[in-house]
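Source file: input.pdb (PDB, C-alpha atoms)
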MODEL        1
ATOM      1  CA  MET A   1       6.330 -12.436 -15.846
ATOM      2  CA  CYS A   2       6.506 -14.270 -12.508
ATOM      3  CA  LYS A   3      10.243 -14.834 -13.048
ATOM      4  CA  TYR A   4      10.831 -11.099 -13.468
ATOM      5  CA  LEU A   5       8.894 -10.259 -10.307
ATOM      6  CA  ILE A   6      10.943 -12.775  -8.329
ATOM      7  CA  PHE A   7      14.184 -11.026  -9.282
ATOM      8  CA  SER A   8      12.865  -7.535  -8.602
ATOM      9  CA  LEU A   9      11.412  -8.501  -5.202
ATOM     10  CA  ILE A  10      14.646 -10.147  -4.096
ATOM     11  CA  PHE A  11      16.718  -7.120  -5.054
ATOM     12  CA  MET A  12      14.329  -4.730  -3.337
ATOM     13  CA  MET A  13      14.543  -6.769  -0.119
ATOM     14  CA  ALA A  14      18.326  -6.861  -0.369
ATOM     15  CA  GLY A  15      18.506  -3.085  -0.884
ATOM     16  CA  ALA A  16      17.459  -1.333  -4.089
ATOM     17  CA  ALA A  17      20.395   1.070  -3.932
ATOM     18  CA  HIS A  18      22.710  -1.808  -4.842
ATOM     19  CA  ALA A  19      20.610  -2.668  -7.889
ATOM     20  CA  GLN A  20      20.051   0.676  -9.583
ATOM     21  CA  ASN A  21      22.616  -0.012 -12.303
ATOM     22  CA  ARG A  22      21.611  -3.640 -12.732
ATOM     23  CA  VAL A  23      19.233  -4.948 -15.394
ATOM     24  CA  LEU A  24      16.812  -6.843 -13.248
ATOM     25  CA  ILE A  25      15.079  -8.935 -15.868
ATOM     26  CA  ASP A  26      15.938 -10.920 -18.943
ATOM     27  CA  LEU A  27      14.639  -9.404 -22.176
ATOM     28  CA  SER A  28      14.150 -12.824 -23.752
ATOM     29  CA  GLY A  29      10.889 -14.709 -23.753
ATOM     30  CA  PRO A  30       7.399 -14.243 -25.152
ATOM     31  CA  PRO A  31       5.469 -10.960 -24.976
ATOM     32  CA  LEU A  32       3.976 -10.154 -21.590
ATOM     33  CA  PRO A  33       0.355 -11.196 -21.053
ATOM     34  CA  LYS A  34      -2.076  -8.322 -20.728
ATOM     35  CA  THR A  35      -3.610  -7.864 -17.290
ATOM     36  CA  GLU A  36      -7.383  -7.578 -17.384
ATOM     37  CA  TYR A  37      -9.166  -4.980 -15.266
ATOM     38  CA  ILE A  38     -12.726  -4.832 -13.956
ATOM     39  CA  VAL A  39     -14.390  -1.437 -13.542
ATOM     40  CA  LEU A  40     -15.980  -1.131 -10.096
ATOM     41  CA  ASP A  41     -17.228   2.450 -10.098
ATOM     42  CA  LEU A  42     -16.860   5.922 -11.568
ATOM     43  CA  LEU A  43     -13.908   7.860 -10.143
ATOM     44  CA  LEU A  44     -15.155  11.264  -9.009
ATOM     45  CA  VAL A  45     -12.603  12.641  -6.528
ATOM     46  CA  GLU A  46      -8.854  12.064  -6.137
ATOM     47  CA  CYS A  47      -7.352  12.730  -2.702
ATOM     48  CA  HIS A  48      -3.587  12.679  -2.207
ATOM     49  CA  TYR A  49      -2.054  11.838   1.160
ATOM     50  CA  HIS A  50       1.494  11.967   2.435
ATOM     51  CA  LEU A  51       2.513   8.984   4.561
ATOM     52  CA  LYS A  52       5.416   9.119   7.028
ATOM     53  CA  PHE A  53       6.187   5.904   8.860
ATOM     54  CA  GLN A  54       8.841   4.258  11.000
ATOM     55  CA  PRO A  55       9.543   0.735   9.655
ATOM     56  CA  ASP A  56      11.932  -0.114  12.526
ATOM     57  CA  SER A  57      10.396   0.366  15.970
ATOM     58  CA  LEU A  58      13.907   0.531  17.475
ATOM     59  CA  ASN A  59      15.179   3.281  15.167
ATOM     60  CA  PRO A  60      13.167   6.516  15.383
ATOM     61  CA  GLU A  61      15.724   8.250  13.134
ATOM     62  CA  HIS A  62      14.808   6.065  10.138
ATOM     63  CA  ILE A  63      11.605   7.505   8.671
ATOM     64  CA  LEU A  64      10.198   6.604   5.274
ATOM     65  CA  GLU A  65       7.854   8.824   3.282
ATOM     66  CA  GLU A  66       5.585   7.766   0.437
ATOM     67  CA  PRO A  67       2.712   9.341  -1.527
ATOM     68  CA  MET A  68      -0.682   7.699  -1.253
ATOM     69  CA  VAL A  69      -3.900   8.243  -3.186
ATOM     70  CA  LEU A  70      -7.550   7.799  -2.273
ATOM     71  CA  HIS A  71      -9.914   7.460  -5.216
ATOM     72  CA  ILE A  72     -13.525   8.138  -4.257
ATOM     73  CA  GLY A  73     -16.394   6.941  -6.421
ATOM     74  CA  GLN A  74     -20.164   6.925  -6.141
ATOM     75  CA  ASN A  75     -20.186   3.764  -4.034
ATOM     76  CA  VAL A  76     -16.635   2.379  -3.917
ATOM     77  CA  SER A  77     -13.273   3.862  -2.965
ATOM     78  CA  SER A  78      -9.706   2.695  -3.570
ATOM     79  CA  PHE A  79      -6.622   3.509  -1.488
ATOM     80  CA  LEU A  80      -3.076   2.626  -2.534
ATOM     81  CA  ASN A  81       0.470   3.841  -2.930
ATOM     82  CA  TYR A  82       0.476   6.554  -5.609
ATOM     83  CA  ASN A  83       3.756   5.347  -7.125
ATOM     84  CA  ARG A  84       2.287   1.872  -7.396
ATOM     85  CA  TYR A  85      -0.791   3.356  -9.059
ATOM     86  CA  LEU A  86       1.331   5.249 -11.625
ATOM     87  CA  VAL A  87       3.372   2.149 -12.467
ATOM     88  CA  SER A  88       0.214   0.046 -12.817
ATOM     89  CA  GLN A  89      -1.179   2.568 -15.304
ATOM     90  CA  GLU A  90       2.032   2.349 -17.348
ATOM     91  CA  LEU A  91       2.134  -1.438 -17.200
ATOM     92  CA  LYS A  92      -1.423  -1.659 -18.534
ATOM     93  CA  GLU A  93      -0.139  -0.427 -21.891
ATOM     94  CA  LEU A  94       2.972  -2.623 -22.150
ATOM     95  CA  THR A  95       3.248  -5.553 -24.515
ATOM     96  CA  SER A  96       6.983  -6.389 -24.555
ATOM     97  CA  ASN A  97       9.607  -7.504 -22.090
ATOM     98  CA  ALA A  98      11.795  -4.572 -23.129
ATOM     99  CA  ASP A  99       9.110  -2.087 -22.105
ATOM    100  CA  PHE A 100       8.598  -3.906 -18.807
ATOM    101  CA  ASN A 101      12.330  -3.725 -18.139
ATOM    102  CA  ARG A 102      12.379   0.005 -18.911
ATOM    103  CA  VAL A 103       9.479   0.826 -16.557
ATOM    104  CA  LEU A 104      10.906  -1.310 -13.767
ATOM    105  CA  ASN A 105      14.386   0.195 -13.926
ATOM    106  CA  GLU A 106      13.077   3.742 -14.355
ATOM    107  CA  GLY A 107      11.010   3.217 -11.222
ATOM    108  CA  LEU A 108      14.089   2.209  -9.244
ATOM    109  CA  ALA A 109      16.240   5.007 -10.654
ATOM    110  CA  THR A 110      13.662   7.709  -9.893
ATOM    111  CA  GLY A 111      12.799   6.504  -6.405
ATOM    112  CA  ARG A 112       9.405   5.149  -7.376
ATOM    113  CA  SER A 113       9.957   1.809  -5.685
ATOM    114  CA  THR A 114       7.479   1.302  -2.847
ATOM    115  CA  VAL A 115       7.511  -0.230   0.620
ATOM    116  CA  PHE A 116       3.945   0.395   1.795
ATOM    117  CA  ASN A 117       1.890  -1.585  -0.716
ATOM    118  CA  PRO A 118      -1.582  -2.692   0.445
ATOM    119  CA  HIS A 119      -4.383  -1.852  -1.986
ATOM    120  CA  ILE A 120      -7.644  -1.303  -0.139
ATOM    121  CA  PHE A 121     -11.142  -1.185  -1.596
ATOM    122  CA  LYS A 122     -13.989   0.092   0.579
ATOM    123  CA  ASN A 123     -17.558  -1.055   0.016
ATOM    124  CA  TYR A 124     -16.338  -3.715  -2.423
ATOM    125  CA  PRO A 125     -18.234  -5.928  -2.180
ATOM    126  CA  GLU A 126     -21.032  -3.942  -0.563
ATOM    127  CA  GLY A 127     -20.561  -3.611   3.168
ATOM    128  CA  LYS A 128     -16.993  -4.969   3.072
ATOM    129  CA  ILE A 129     -13.381  -3.819   2.930
ATOM    130  CA  THR A 130     -11.261  -5.860   0.513
ATOM    131  CA  THR A 131      -7.478  -5.728   0.899
ATOM    132  CA  HIS A 132      -4.988  -6.879  -1.746
ATOM    133  CA  ASP A 133      -1.455  -7.382  -0.472
ATOM    134  CA  ARG A 134       1.630  -9.526  -1.002
ATOM    135  CA  VAL A 135       3.876 -11.738   1.066
ATOM    136  CA  PHE A 136       6.955 -12.260  -1.136
ATOM    137  CA  MET A 137       5.677 -14.028  -4.279
ATOM    138  CA  ASP A 138       2.134 -14.692  -3.057
ATOM    139  CA  SER A 139      -0.707 -12.267  -3.730
ATOM    140  CA  PHE A 140      -3.468 -12.354  -1.130
ATOM    141  CA  GLU A 141      -6.996 -11.042  -0.920
ATOM    142  CA  TYR A 142      -9.101 -10.859   2.218
ATOM    143  CA  GLU A 143     -12.339  -9.242   3.314
ATOM    144  CA  GLU A 144     -13.483  -7.737   6.576
ATOM    145  CA  PRO A 145     -16.526  -5.692   7.582
ATOM    146  CA  LEU A 146     -16.653  -2.118   6.363
ATOM    147  CA  TYR A 147     -15.062   0.047   9.079
ATOM    148  CA  PRO A 148     -14.391  -2.757  11.596
ATOM    149  CA  PHE A 149     -13.873  -0.416  14.569
ATOM    150  CA  GLU A 150     -15.794   2.020  16.752
ATOM    151  CA  TRP A 151     -15.058   5.731  16.768
ATOM    152  CA  ASN A 152     -15.224   7.857  19.906
ATOM    153  CA  LEU A 153     -15.549  11.616  19.361
ATOM    154  CA  THR A 154     -13.256  13.414  21.805
ATOM    155  CA  GLY A 155     -14.877  16.835  21.482
ATOM    156  CA  GLU A 156     -11.568  18.373  20.383
ATOM    157  CA  THR A 157     -11.669  20.765  17.421
ATOM    158  CA  ALA A 158      -8.939  22.614  15.527
ATOM    159  CA  GLN A 159      -8.103  24.418  12.314
ATOM    160  CA  TRP A 160      -6.044  22.472   9.819
ATOM    161  CA  GLU A 161      -5.142  23.597   6.295
ATOM    162  CA  GLY A 162      -8.078  25.992   6.250
ATOM    163  CA  TYR A 163     -10.650  23.453   7.479
ATOM    164  CA  THR A 164     -12.384  23.149  10.827
ATOM    165  CA  VAL A 165     -11.641  19.621  11.945
ATOM    166  CA  GLN A 166     -12.902  17.417  14.761
ATOM    167  CA  GLN A 167     -10.997  14.676  16.540
ATOM    168  CA  ALA A 168     -12.050  11.045  16.858
ATOM    169  CA  MET A 169     -10.289   8.065  18.401
ATOM    170  CA  THR A 170     -10.373   4.327  17.723
ATOM    171  CA  THR A 171      -8.274   1.184  18.080
ATOM    172  CA  TYR A 172      -7.351  -1.158  15.253
ATOM    173  CA  GLY A 173      -4.553  -3.599  14.500
ATOM    174  CA  GLY A 174      -2.951  -3.284  17.919
ATOM    175  CA  ARG A 175      -2.686   0.505  17.703
ATOM    176  CA  LYS A 176      -4.676   3.431  19.062
ATOM    177  CA  TRP A 177      -5.506   5.903  16.284
ATOM    178  CA  LEU A 178      -6.440   9.583  16.261
ATOM    179  CA  ALA A 179      -8.271  11.041  13.278
ATOM    180  CA  TRP A 180      -9.018  14.651  12.414
ATOM    181  CA  PHE A 181     -11.976  14.884  10.042
ATOM    182  CA  ALA A 182     -13.683  17.777   8.275
ATOM    183  CA  PRO A 183     -17.502  17.685   8.430
ATOM    184  CA  GLU A 184     -17.646  20.250   5.611
ATOM    185  CA  ILE A 185     -16.141  17.671   3.197
ATOM    186  CA  PRO A 186     -19.029  15.212   2.885
ATOM    187  CA  PHE A 187     -17.097  11.983   2.250
ATOM    188  CA  SER A 188     -17.196   9.343   4.965
ATOM    189  CA  ASP A 189     -13.752   8.081   4.008
ATOM    190  CA  GLY A 190     -10.062   8.464   4.690
ATOM    191  CA  PRO A 191      -6.613   6.891   4.403
ATOM    192  CA  TYR A 192      -5.870   3.181   4.738
ATOM    193  CA  LYS A 193      -8.935   1.253   6.002
ATOM    194  CA  PHE A 194     -10.283   4.186   7.969
ATOM    195  CA  GLY A 195     -13.569   5.980   7.385
ATOM    196  CA  GLY A 196     -17.088   5.947   8.733
ATOM    197  CA  LEU A 197     -16.948   9.447  10.210
ATOM    198  CA  PRO A 198     -19.248  12.342   9.162
ATOM    199  CA  GLY A 199     -16.584  13.923   6.987
ATOM    200  CA  LEU A 200     -13.320  13.179   5.202
ATOM    201  CA  ILE A 201     -10.332  12.298   7.407
ATOM    202  CA  LEU A 202      -7.620  14.865   6.697
ATOM    203  CA  ARG A 203      -5.043  13.710   9.249
ATOM    204  CA  LEU A 204      -4.626  10.290  10.841
ATOM    205  CA  TYR A 205      -1.902   8.956  13.124
ATOM    206  CA  ASP A 206      -1.301   6.324  15.765
ATOM    207  CA  THR A 207      -0.516   7.528  19.259
ATOM    208  CA  ARG A 208       3.100   6.327  18.983
ATOM    209  CA  GLY A 209       3.605   8.512  15.911
ATOM    210  CA  HIS A 210       4.835   5.543  13.882
ATOM    211  CA  TYR A 211       2.321   6.044  11.046
ATOM    212  CA  VAL A 212       1.092   9.503  10.014
ATOM    213  CA  PHE A 213      -1.201  10.215   7.045
ATOM    214  CA  GLU A 214      -1.879  13.808   5.981
ATOM    215  CA  LEU A 215      -4.040  15.079   3.138
ATOM    216  CA  THR A 216      -2.056  17.142   0.632
ATOM    217  CA  SER A 217      -4.677  17.779  -2.062
ATOM    218  CA  LEU A 218      -8.303  17.091  -2.922
ATOM    219  CA  ASN A 219      -9.229  17.162  -6.602
ATOM    220  CA  PRO A 220     -12.777  16.710  -7.918
ATOM    221  CA  LEU A 221     -12.471  15.440 -11.476
ATOM    222  CA  GLU A 222     -14.117  17.396 -14.296
ATOM    223  CA  LEU A 223     -14.436  14.180 -16.281
ATOM    224  CA  PRO A 224     -15.105  11.020 -14.238
ATOM    225  CA  GLY A 225     -12.468   8.315 -14.411
ATOM    226  CA  GLU A 226     -12.732   4.678 -13.400
ATOM    227  CA  ILE A 227     -12.008   2.777 -10.219
ATOM    228  CA  GLU A 228     -10.660  -0.575 -11.352
ATOM    229  CA  VAL A 229      -9.470  -3.836  -9.888
ATOM    230  CA  SER A 230      -7.110  -6.158 -11.710
ATOM    231  CA  ALA A 231      -8.433  -9.611 -12.481
ATOM    232  CA  SER A 232      -5.125 -11.214 -11.447
ATOM    233  CA  ARG A 233      -5.303 -14.394  -9.430
ATOM    234  CA  ARG A 234      -4.931 -14.033  -5.678
ATOM    235  CA  LEU A 235      -5.082 -16.368  -2.724
ATOM    236  CA  ARG A 236      -8.293 -15.742  -0.807
ATOM    237  CA  THR A 237      -7.695 -15.795   2.911
ATOM    238  CA  THR A 238      -8.694 -14.139   6.160
ATOM    239  CA  ARG A 239      -7.117 -11.120   7.780
ATOM    240  CA  ALA A 240      -5.784 -13.266  10.635
ATOM    241  CA  ARG A 241      -4.176 -15.790   8.285
ATOM    242  CA  PHE A 242      -2.634 -13.049   6.154
ATOM    243  CA  TRP A 243      -1.162 -11.449   9.268
ATOM    244  CA  GLN A 244       0.307 -14.802  10.293
ATOM    245  CA  ALA A 245       1.829 -15.356   6.829
ATOM    246  CA  GLU A 246       3.359 -11.887   6.858
ATOM    247  CA  ARG A 247       4.870 -12.417  10.304
ATOM    248  CA  LYS A 248       6.270 -15.828   9.330
ATOM    249  CA  PHE A 249       7.959 -14.327   6.264
ATOM    250  CA  ARG A 250       9.547 -11.502   8.260
ATOM    251  CA  GLU A 251      10.950 -14.058  10.709
ATOM    252  CA  ASP A 252      12.308 -16.484   8.090
ATOM    253  CA  ALA A 253      12.757 -14.484   4.869
ATOM    254  CA  VAL A 254      16.204 -15.816   3.979
ATOM    255  CA  ASN A 255      15.217 -19.486   4.081
ATOM    256  CA  ILE A 256      11.989 -18.817   2.211
ATOM    257  CA  VAL A 257      13.749 -17.130  -0.733
ATOM    258  CA  LYS A 258      16.869 -19.337  -0.856
ATOM    259  CA  GLU A 259      15.614 -21.329  -3.828
ATOM    260  CA  PHE A 260      15.293 -18.098  -5.838
ATOM    261  CA  LEU A 261      18.782 -16.741  -5.097
ATOM    262  CA  ILE A 262      20.433 -17.373  -8.469
ATOM    263  CA  GLU A 263      23.506 -15.436  -9.632
ATOM    264  CA  THR A 264      23.320 -12.893  -6.829
ATOM    265  CA  PRO A 265      26.109 -11.332  -4.722
ATOM    266  CA  ALA A 266      27.392 -13.585  -1.929
ATOM    267  CA  ASP A 267      26.164 -11.219   0.780
ATOM    268  CA  THR A 268      22.564 -11.076  -0.506
ATOM    269  CA  PRO A 269      21.144 -13.422   2.199
ATOM    270  CA  GLN A 270      22.764 -11.333   4.924
ATOM    271  CA  ARG A 271      21.431  -8.102   3.409
ATOM    272  CA  ILE A 272      17.931  -9.544   3.169
ATOM    273  CA  GLU A 273      18.044 -10.705   6.781
ATOM    274  CA  ARG A 274      19.349  -7.323   7.938
ATOM    275  CA  ASN A 275      16.716  -5.382   5.998
ATOM    276  CA  MET A 276      13.874  -7.604   7.162
ATOM    277  CA  ARG A 277      14.938  -7.082  10.784
ATOM    278  CA  ARG A 278      14.599  -3.360  10.128
ATOM    279  CA  ARG A 279      10.990  -3.861   8.995
ATOM    280  CA  ASN A 280       9.654  -5.013  12.353
ATOM    281  CA  ASN A 281       6.949  -2.370  12.720
ATOM    282  CA  PRO A 282       4.022  -3.104  10.344
ATOM    283  CA  ILE A 283       0.982  -0.887  10.423
ATOM    284  CA  GLU A 284      -1.026  -3.719  11.967
ATOM    285  CA  LEU A 285       0.703  -5.168  15.016
ATOM    286  CA  ALA A 286      -2.065  -7.653  15.715
ATOM    287  CA  ALA A 287      -4.995  -9.260  13.949
ATOM    288  CA  ASP A 288      -7.311  -8.273  16.842
TER
ENDMDL
END
Let me see the file written as structure tokens.
Amino acid sequence: MCKYLIFSLIFMMAGAAHAQNRVLIDLSGPPLPKTEYIVLDLLLVECHYHLKFQPDSLNPEHILEEPMVLHIGQNVSSFLNYNRYLVSQELKELTSNADFNRVLNEGLATGRSTVFNPHIFKNYPEGKITTHDRVFMDSFEYEEPLYPFEWNLTGETAQWEGYTVQQAMTTYGGRKWLAWFAPEIPFSDGPYKFGGLPGLILRLYDTRGHYVFELTSLNPLELPGEIEVSASRRLRTTRARFWQAERKFREDAVNIVKEFLIETPADTPQRIERNMRRRNNPIELAAD
């Protein structure tokens, strides 16, 4: 399965539009191994957010938009890209390479490929935030304290989507953030790593307007689901070391992936380099 992920990651970095008609993986080989999942909590509420972000700090005209989902449980919450969540649910049921190929190519053809991919668990383990993320072929996992920032209430209030919301401000990852939260929704949670306020965060954005999260729906579940974490192997690290690895890859992506560039168009290295230059504006600009 690692071989298939290598090919798909390379093509996504080079530009998925050039690969939509290409079969990205070989259908030969043994059946795919089943990924095991560990249940962390009951899933009680599903909150959908719309993310708009500017991946290139020098190009304000290039804005990406992706759906995100916050799963709230009794004690644990999970925040990730909704397209990634849907694909993971499909992949859980697959047993053959042919099925894997179908899901992967359908995802590309229907625009379900993702750029913003961290998977964040709050209060897992207790009192911690655990982030799962990738740098090329390496999967990382790191912990930090739950809500590692201080909120300052500004005293500003407003009406937003039928809710009375209050404004709070904090700094994190080299950005200053503004959050609008609704005290009448009694969940001390929100998008990305943010939470810890007396109410659900409905709107969150940095003061440069490069990353904007907005709640689009809140759905209590009639029948509880499950908040799960895959038991896949990951490299345990620290937030600072992950940030350094991510920055190093952005600066030297072509050389890092050269050994994997097999039977690809001649201009693939140039496309990768060009696309990586356009992704110079990560959500965390510093490791604090």
Record the distance separating atom CA of Ser217 of chain A and atom CA of Phe187 of chain A, expressed in Å with one decimal.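 For atom CA of Ser217 of chain A relative to atom CA of Phe187 of chain A, the distance reads 14.4 Å.
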The PyMOL selection byres ((chain A and resi 53) around 6) on the file shown: which residues, as a ChimeraX atom specification? /A:52,54,63-64,210-211
Segment 158-175 of chain A environment, 6 Å, all atoms listed in the file, sequence neighbours closer than 3 positions dropped, as a ChimeraX atom specification: /A:150-154,178-182,284-288
Expected selection from the PyMOL selection byres ((chain A and resi 207) around 7), given as a list in words: Lys176, Trp177, Leu178, Tyr205, Asp206, Arg208 and Gly209 of chain A
When distances are computed from all atoms listed in the file, which of A:Arg203, A:Val87, A:Trp243, A:Pro55 shows the smallest separation from Met276 of chain A? A:Pro55
Please, could N, CA and C atoms be added to segment 75-87 of chain A and the result written as a PDB file, keeping the file's coordinate frame?
ATOM      1  N   ASN A  75     -19.908   4.767  -5.056  1.00  0.00           N
ATOM      2  CA  ASN A  75     -20.186   3.764  -4.034  1.00  0.00           C
ATOM      3  C   ASN A  75     -18.933   3.087  -3.490  1.00  0.00           C
ATOM      4  N   VAL A  76     -17.850   3.112  -4.250  1.00  0.00           N
ATOM      5  CA  VAL A  76     -16.635   2.379  -3.917  1.00  0.00           C
ATOM      6  C   VAL A  76     -15.465   3.359  -3.851  1.00  0.00           C
ATOM      7  N   SER A  77     -14.511   3.084  -2.961  1.00  0.00           N
ATOM      8  CA  SER A  77     -13.273   3.862  -2.965  1.00  0.00           C
ATOM      9  C   SER A  77     -12.089   2.911  -3.003  1.00  0.00           C
ATOM     10  N   SER A  78     -10.941   3.464  -3.414  1.00  0.00           N
ATOM     11  CA  SER A  78      -9.706   2.695  -3.570  1.00  0.00           C
ATOM     12  C   SER A  78      -8.562   3.491  -2.965  1.00  0.00           C
ATOM     13  N   PHE A  79      -7.751   2.840  -2.118  1.00  0.00           N
ATOM     14  CA  PHE A  79      -6.622   3.509  -1.488  1.00  0.00           C
ATOM     15  C   PHE A  79      -5.366   2.689  -1.716  1.00  0.00           C
ATOM     16  N   LEU A  80      -4.323   3.339  -2.266  1.00  0.00           N
ATOM     17  CA  LEU A  80      -3.076   2.626  -2.534  1.00  0.00           C
ATOM     18  C   LEU A  80      -1.922   3.605  -2.652  1.00  0.00           C
ATOM     19  N   ASN A  81      -0.731   3.050  -2.715  1.00  0.00           N
ATOM     20  CA  ASN A  81       0.470   3.841  -2.930  1.00  0.00           C
ATOM     21  C   ASN A  81       0.397   4.517  -4.301  1.00  0.00           C
ATOM     22  N   TYR A  82       0.626   5.838  -4.351  1.00  0.00           N
ATOM     23  CA  TYR A  82       0.476   6.554  -5.609  1.00  0.00           C
ATOM     24  C   TYR A  82       1.524   6.129  -6.627  1.00  0.00           C
ATOM     25  N   ASN A  83       2.746   5.841  -6.187  1.00  0.00           N
ATOM     26  CA  ASN A  83       3.756   5.347  -7.125  1.00  0.00           C
ATOM     27  C   ASN A  83       3.338   4.013  -7.727  1.00  0.00           C
ATOM     28  N   ARG A  84       2.778   3.155  -6.891  1.00  0.00           N
ATOM     29  CA  ARG A  84       2.287   1.872  -7.396  1.00  0.00           C
ATOM     30  C   ARG A  84       1.167   2.095  -8.408  1.00  0.00           C
ATOM     31  N   TYR A  85       0.299   3.049  -8.128  1.00  0.00           N
ATOM     32  CA  TYR A  85      -0.791   3.356  -9.059  1.00  0.00           C
ATOM     33  C   TYR A  85      -0.234   3.839 -10.403  1.00  0.00           C
ATOM     34  N   LEU A  86       0.757   4.744 -10.374  1.00  0.00           N
ATOM     35  CA  LEU A  86       1.331   5.249 -11.625  1.00  0.00           C
ATOM     36  C   LEU A  86       1.975   4.129 -12.434  1.00  0.00           C
ATOM     37  N   VAL A  87       2.733   3.264 -11.763  1.00  0.00           N
ATOM     38  CA  VAL A  87       3.372   2.149 -12.467  1.00  0.00           C
ATOM     39  C   VAL A  87       2.330   1.218 -13.054  1.00  0.00           C
TER      40      VAL A  87
END
